[in-house]
Amino acid sequence: MPSRFLVIGLFFLALYPAATHAQQPSSRSMDDLNWQEFRQLVPAKIKTVILTVGTLEAHGFINNGADNTVPVGLAHSIAADVNALIAPHIPYGVTDILAPYPGSLRIPEEPFRVYVRAVLVGLVNNGFKNIIILNGHGPQIPILQQLAQDIALEYKVNTIVVNWWILANDITHQVFGEDGGHATNDETAMVQAINPKQVHWELFTGNDMAEALPVPPDAWSAVPFPATMLQYTPGQGIPKDRTQAKAVEYYAKVVAKVKALVLDTLNRWELAGFN
């Protein structure tokens, strides 16, 4: 009799790792999931989706797709911890004053708005209750915020738009001792941490850098803008520490802050009965 129970026990023990593994999604990327896997996961086990949005735009000596690279990297860094799936990335956005530079691509505001709204509605229709929009590009902030609000109110879901470089401004000052900017120390570090090959230090010259935009911003304008790196504060943001260690330190702290914000928001929605 004891040997019989031992055999049965060993049988279930052998099955346990497989059962445990089956509880986890085979991938956090919606691109990689089969429709039957998706049906089992959403919304029974996963109610949250991360939608990343960027654009193609000149970025000094880092890749034109930096506004895509960073939010996608952040999404993959936090998805498991916030129990979210990652929607396919939206790589084309509302590029403006840097659109004339080679390799940049501009989508007019209205078709961008219609397309992103359709994507958000599609995510809602697929059963997601919480939509986390990780944005990598400044000029489309008001569009994304308005869309997120409209979708939340119309479909009774929860939305949040995260603009990582604004959220991480205090970390930029902590790590680099000064302000950041477009394609400067903060964005360069994020790209370098994700993929060092996309940072071309050999192409960095002083001519790439423009001083901070005037306040008020309508004091003057130029298209194309006379430089592809923009300082938020005059004299600050010039990349100085080129080490991978500094880039990884900055990236890790930004990931931690984005993750903490998302987890806190999800928890507050839960406590308020919205989830």
# chains A, B, ... in the order shown; residues from 1 in each chain; ligands from 1
call {"tool": "residues_around", "arguments": {"residues": "stretch 190-195 of chain A", "least_positions_apart": "5", "cutoff": "6 Å", "atoms": "only C-alpha atoms", "output": "list in words"}}
result
Ala247, Val248 and Tyr251 of chain A
call {"tool": "select_by_dssp", "arguments": {"residues": "stretch 34-274 of chain A", "states": "alpha helix (DSSP H)", "output": "PyMOL selection string"}}
result
chain A and resi 35-41+66-78+109-125+141-155+164-167+169-176+185-194+244-271
call {"tool": "residues_around", "arguments": {"residues": "A:Thr265", "least_positions_apart": "4", "cutoff": "12 Å", "atoms": "only C-alpha atoms", "output": "JSON, numbers by chain"}}
result
{"A": [48, 82, 130, 131, 132, 158, 159, 160, 161, 162, 258, 259, 260, 261, 269, 270, 271, 272, 274, 275]}
call {"tool": "residues_around", "arguments": {"residues": "A:Ala168", "least_positions_apart": "5", "cutoff": "9 Å", "atoms": "only C-alpha atoms", "output": "VMD selection string"}}
result
chain A and resid 163 173 186 253 to 254 257 to 258
call {"tool": "write_last_selection", "arguments": {"atoms": "N, CA and C atoms", "output": "tab-separated table (two decimals), in the first residue's frame"}}
result
chain	number	residue	atom	x	y	z
A	163	ASN	N	4.31	59.47	-19.66
A	163	ASN	CA	5.37	60.10	-20.47
A	163	ASN	C	6.66	59.98	-19.65
A	173	HIS	N	18.00	64.42	-12.78
A	173	HIS	CA	18.80	65.32	-11.95
A	173	HIS	C	19.63	64.54	-10.93
A	186	ASP	N	19.42	62.01	-20.84
A	186	ASP	CA	18.41	61.05	-20.36
A	186	ASP	C	18.00	60.06	-21.45
A	253	LYS	N	16.50	52.81	-12.69
A	253	LYS	CA	15.73	53.71	-11.82
A	253	LYS	C	14.47	54.21	-12.52
A	254	VAL	N	14.54	54.44	-13.83
A	254	VAL	CA	13.34	54.85	-14.56
A	254	VAL	C	12.33	53.71	-14.60
A	257	LYS	N	10.55	53.47	-11.33
A	257	LYS	CA	9.56	54.53	-11.09
A	257	LYS	C	8.31	54.32	-11.93
A	258	VAL	N	8.48	53.91	-13.18
A	258	VAL	CA	7.32	53.65	-14.03
A	258	VAL	C	6.52	52.48	-13.46
call {"tool": "residues_around", "arguments": {"residues": "A:Ile151", "least_positions_apart": "5", "cutoff": "9 Å", "atoms": "only C-alpha atoms", "output": "VMD selection string"}}
result
chain A and resid 117 120 to 121 124 146 156 to 159
call {"tool": "closest_residue", "arguments": {"among": "A:Ile50, A:Leu56, A:Leu105, A:Ala118", "to": "A:His89", "atoms": "only C-alpha atoms"}}
result
A:Ile50
call {"tool": "select_by_dssp", "arguments": {"residues": "stretch 31-260 of chain A", "states": "strand (DSSP E or B)", "output": "MDAnalysis selection string"}}
result
chainID A and resid 48:53 56 59 62 84:86 90 105 130:135 158:163 181:182 199 209:210 229:231
call {"tool": "write_last_selection", "arguments": {"atoms": "N, CA and C atoms", "output": "short mmCIF file (atom, residue, chain, number, x, y, z; two decimals), in the first residue's frame"}}
result
data_model
loop_
_atom_site.label_atom_id
_atom_site.label_comp_id
_atom_site.auth_asym_id
_atom_site.auth_seq_id
_atom_site.Cartn_x
_atom_site.Cartn_y
_atom_site.Cartn_z
N THR A 48 -4.92 43.67 -17.78
CA THR A 48 -4.16 44.87 -18.08
C THR A 48 -3.35 44.70 -19.36
N VAL A 49 -3.34 45.75 -20.18
CA VAL A 49 -2.55 45.74 -21.40
C VAL A 49 -1.70 47.01 -21.46
N ILE A 50 -0.50 46.88 -22.00
CA ILE A 50 0.38 48.02 -22.20
C ILE A 50 0.44 48.32 -23.69
N LEU A 51 0.09 49.54 -24.06
CA LEU A 51 0.19 49.99 -25.44
C LEU A 51 1.32 51.02 -25.52
N THR A 52 2.34 50.74 -26.32
CA THR A 52 3.46 51.66 -26.49
C THR A 52 3.27 52.45 -27.77
N VAL A 53 3.61 53.75 -27.70
CA VAL A 53 3.41 54.65 -28.83
C VAL A 53 4.66 55.51 -28.98
N LEU A 56 9.04 58.09 -35.57
CA LEU A 56 10.36 58.11 -36.20
C LEU A 56 10.77 59.56 -36.36
N HIS A 59 17.25 62.13 -33.91
CA HIS A 59 17.63 62.19 -32.50
C HIS A 59 19.14 62.36 -32.36
N ILE A 62 21.75 59.33 -31.69
CA ILE A 62 21.13 58.04 -31.39
C ILE A 62 20.11 57.74 -32.50
N ALA A 84 0.66 42.21 -17.07
CA ALA A 84 0.06 42.80 -18.26
C ALA A 84 0.54 42.10 -19.52
N LEU A 85 -0.27 42.17 -20.55
CA LEU A 85 0.18 41.82 -21.89
C LEU A 85 0.64 43.09 -22.59
N ILE A 86 1.45 42.92 -23.62
CA ILE A 86 1.97 44.06 -24.38
C ILE A 86 1.37 44.04 -25.77
N ILE A 90 2.88 51.02 -31.71
CA ILE A 90 2.50 52.00 -32.73
C ILE A 90 3.73 52.86 -33.02
N LEU A 105 9.50 60.51 -40.00
CA LEU A 105 8.22 60.23 -40.64
C LEU A 105 7.11 60.89 -39.86
N ASN A 130 -7.82 47.49 -17.96
CA ASN A 130 -6.83 48.53 -17.67
C ASN A 130 -5.92 48.71 -18.87
N ILE A 131 -5.82 49.93 -19.36
CA ILE A 131 -4.97 50.22 -20.51
C ILE A 131 -3.88 51.20 -20.08
N ILE A 132 -2.63 50.73 -20.16
CA ILE A 132 -1.47 51.56 -19.81
C ILE A 132 -0.82 52.01 -21.10
N ILE A 133 -0.85 53.31 -21.38
CA ILE A 133 -0.22 53.85 -22.59
C ILE A 133 1.15 54.39 -22.22
N LEU A 134 2.20 53.77 -22.73
CA LEU A 134 3.56 54.25 -22.53
C LEU A 134 3.97 55.03 -23.77
N ASN A 135 4.10 56.33 -23.60
CA ASN A 135 4.37 57.23 -24.73
C ASN A 135 5.85 57.62 -24.75
N ASN A 158 -10.31 51.63 -17.44
CA ASN A 158 -9.33 52.46 -16.76
C ASN A 158 -8.13 52.72 -17.67
N THR A 159 -7.71 53.96 -17.78
CA THR A 159 -6.59 54.29 -18.65
C THR A 159 -5.60 55.21 -17.93
N ILE A 160 -4.34 55.08 -18.30
CA ILE A 160 -3.31 56.00 -17.81
C ILE A 160 -2.29 56.20 -18.92
N VAL A 161 -1.86 57.44 -19.11
CA VAL A 161 -0.82 57.77 -20.08
C VAL A 161 0.44 58.13 -19.31
N VAL A 162 1.55 57.46 -19.62
CA VAL A 162 2.82 57.70 -18.94
C VAL A 162 3.83 58.26 -19.94
N ASN A 163 4.31 59.47 -19.66
CA ASN A 163 5.37 60.10 -20.47
C ASN A 163 6.66 59.98 -19.65
N GLY A 181 16.81 66.53 -21.95
CA GLY A 181 16.35 67.19 -23.17
C GLY A 181 16.06 66.16 -24.23
N HIS A 182 15.70 66.66 -25.41
CA HIS A 182 15.44 65.77 -26.54
C HIS A 182 16.76 65.22 -27.08
N VAL A 199 23.64 53.85 -30.18
CA VAL A 199 24.24 55.12 -29.77
C VAL A 199 25.55 55.28 -30.54
N MET A 209 23.52 70.27 -31.05
CA MET A 209 22.82 70.73 -29.86
C MET A 209 22.23 72.13 -30.05
N ALA A 210 20.97 72.28 -29.66
CA ALA A 210 20.33 73.59 -29.65
C ALA A 210 20.00 73.96 -28.22
N MET A 229 19.13 67.92 -31.38
CA MET A 229 19.18 67.71 -29.93
C MET A 229 18.75 69.00 -29.26
N LEU A 230 17.75 68.93 -28.39
CA LEU A 230 17.20 70.14 -27.78
C LEU A 230 17.38 70.08 -26.27
N GLN A 231 17.97 71.12 -25.70
CA GLN A 231 18.12 71.21 -24.25
C GLN A 231 16.86 71.82 -23.64
#
call {"tool": "closest_residue", "arguments": {"among": "A:Pro224, A:Pro239, A:Gly138, A:Gly127", "to": "A:Gly177", "atoms": "only C-alpha atoms"}}
result
A:Pro239
call {"tool": "closest_residue", "arguments": {"among": "A:Pro234, A:Asp241, A:Ile107, A:Trp165", "to": "A:Leu74", "atoms": "only C-alpha atoms"}}
result
A:Trp165
call {"tool": "atom_distance", "arguments": {"atom1": "atom CA of A:Ala99", "atom2": "atom CA of A:Ala58"}}
result
7.7 Å
call {"tool": "atom_distance", "arguments": {"atom1": "atom CA of A:Pro100", "atom2": "atom CA of A:Asn64"}}
result
12.4 Å
call {"tool": "closest_residue", "arguments": {"among": "A:Ser26, A:Thr55, A:Asn83, A:Gln40", "to": "A:Gly136", "atoms": "only C-alpha atoms"}}
result
A:Thr55
call {"tool": "atom_distance", "arguments": {"atom1": "atom CA of A:Gln244", "atom2": "atom CA of A:Asp67"}}
result
19.7 Å
call {"tool": "decode", "arguments": {"residues": "stretch 122-145 of chain A", "atoms": "N, CA and C atoms", "output": "short mmCIF file (atom, residue, chain, number, x, y, z; two decimals), in the first residue's frame"}}
result
data_model
loop_
_atom_site.label_atom_id
_atom_site.label_comp_id
_atom_site.auth_asym_id
_atom_site.auth_seq_id
_atom_site.Cartn_x
_atom_site.Cartn_y
_atom_site.Cartn_z
N GLY A 122 -10.29 48.47 -29.89
CA GLY A 122 -10.02 47.05 -30.12
C GLY A 122 -9.52 46.35 -28.87
N LEU A 123 -8.69 47.03 -28.09
CA LEU A 123 -8.20 46.44 -26.83
C LEU A 123 -9.34 46.27 -25.83
N VAL A 124 -10.22 47.28 -25.78
CA VAL A 124 -11.39 47.18 -24.90
C VAL A 124 -12.27 46.01 -25.32
N ASN A 125 -12.53 45.90 -26.61
CA ASN A 125 -13.39 44.84 -27.12
C ASN A 125 -12.81 43.45 -26.89
N ASN A 126 -11.51 43.37 -26.70
CA ASN A 126 -10.86 42.09 -26.43
C ASN A 126 -10.82 41.75 -24.95
N GLY A 127 -11.43 42.60 -24.12
CA GLY A 127 -11.61 42.24 -22.73
C GLY A 127 -10.71 42.91 -21.72
N PHE A 128 -9.83 43.80 -22.16
CA PHE A 128 -8.95 44.46 -21.21
C PHE A 128 -9.71 45.53 -20.43
N LYS A 129 -9.44 45.59 -19.13
CA LYS A 129 -10.07 46.57 -18.25
C LYS A 129 -9.14 47.74 -17.98
N ASN A 130 -7.82 47.49 -17.96
CA ASN A 130 -6.83 48.53 -17.67
C ASN A 130 -5.92 48.71 -18.87
N ILE A 131 -5.82 49.93 -19.36
CA ILE A 131 -4.97 50.22 -20.51
C ILE A 131 -3.88 51.20 -20.08
N ILE A 132 -2.63 50.73 -20.16
CA ILE A 132 -1.47 51.56 -19.81
C ILE A 132 -0.82 52.01 -21.10
N ILE A 133 -0.85 53.31 -21.38
CA ILE A 133 -0.22 53.85 -22.59
C ILE A 133 1.15 54.39 -22.22
N LEU A 134 2.20 53.77 -22.73
CA LEU A 134 3.56 54.25 -22.53
C LEU A 134 3.97 55.03 -23.77
N ASN A 135 4.10 56.33 -23.60
CA ASN A 135 4.37 57.23 -24.73
C ASN A 135 5.85 57.62 -24.75
N GLY A 136 6.40 57.72 -25.97
CA GLY A 136 7.80 58.10 -26.10
C GLY A 136 8.03 59.41 -26.80
N HIS A 137 6.96 60.17 -27.12
CA HIS A 137 7.11 61.34 -27.98
C HIS A 137 6.24 62.49 -27.50
N GLY A 138 6.86 63.65 -27.25
CA GLY A 138 6.19 64.79 -26.64
C GLY A 138 5.03 65.41 -27.39
N PRO A 139 5.16 65.72 -28.69
CA PRO A 139 4.09 66.43 -29.38
C PRO A 139 2.74 65.72 -29.40
N GLN A 140 2.71 64.42 -29.15
CA GLN A 140 1.41 63.72 -29.19
C GLN A 140 0.81 63.50 -27.80
N ILE A 141 1.42 64.10 -26.78
CA ILE A 141 0.90 63.95 -25.41
C ILE A 141 -0.56 64.39 -25.30
N PRO A 142 -0.94 65.61 -25.75
CA PRO A 142 -2.34 66.01 -25.57
C PRO A 142 -3.33 65.13 -26.32
N ILE A 143 -2.92 64.61 -27.46
CA ILE A 143 -3.80 63.73 -28.22
C ILE A 143 -4.05 62.43 -27.45
N LEU A 144 -2.98 61.84 -26.94
CA LEU A 144 -3.10 60.58 -26.21
C LEU A 144 -3.88 60.76 -24.92
N GLN A 145 -3.66 61.87 -24.24
CA GLN A 145 -4.40 62.11 -22.99
C GLN A 145 -5.89 62.26 -23.25
#
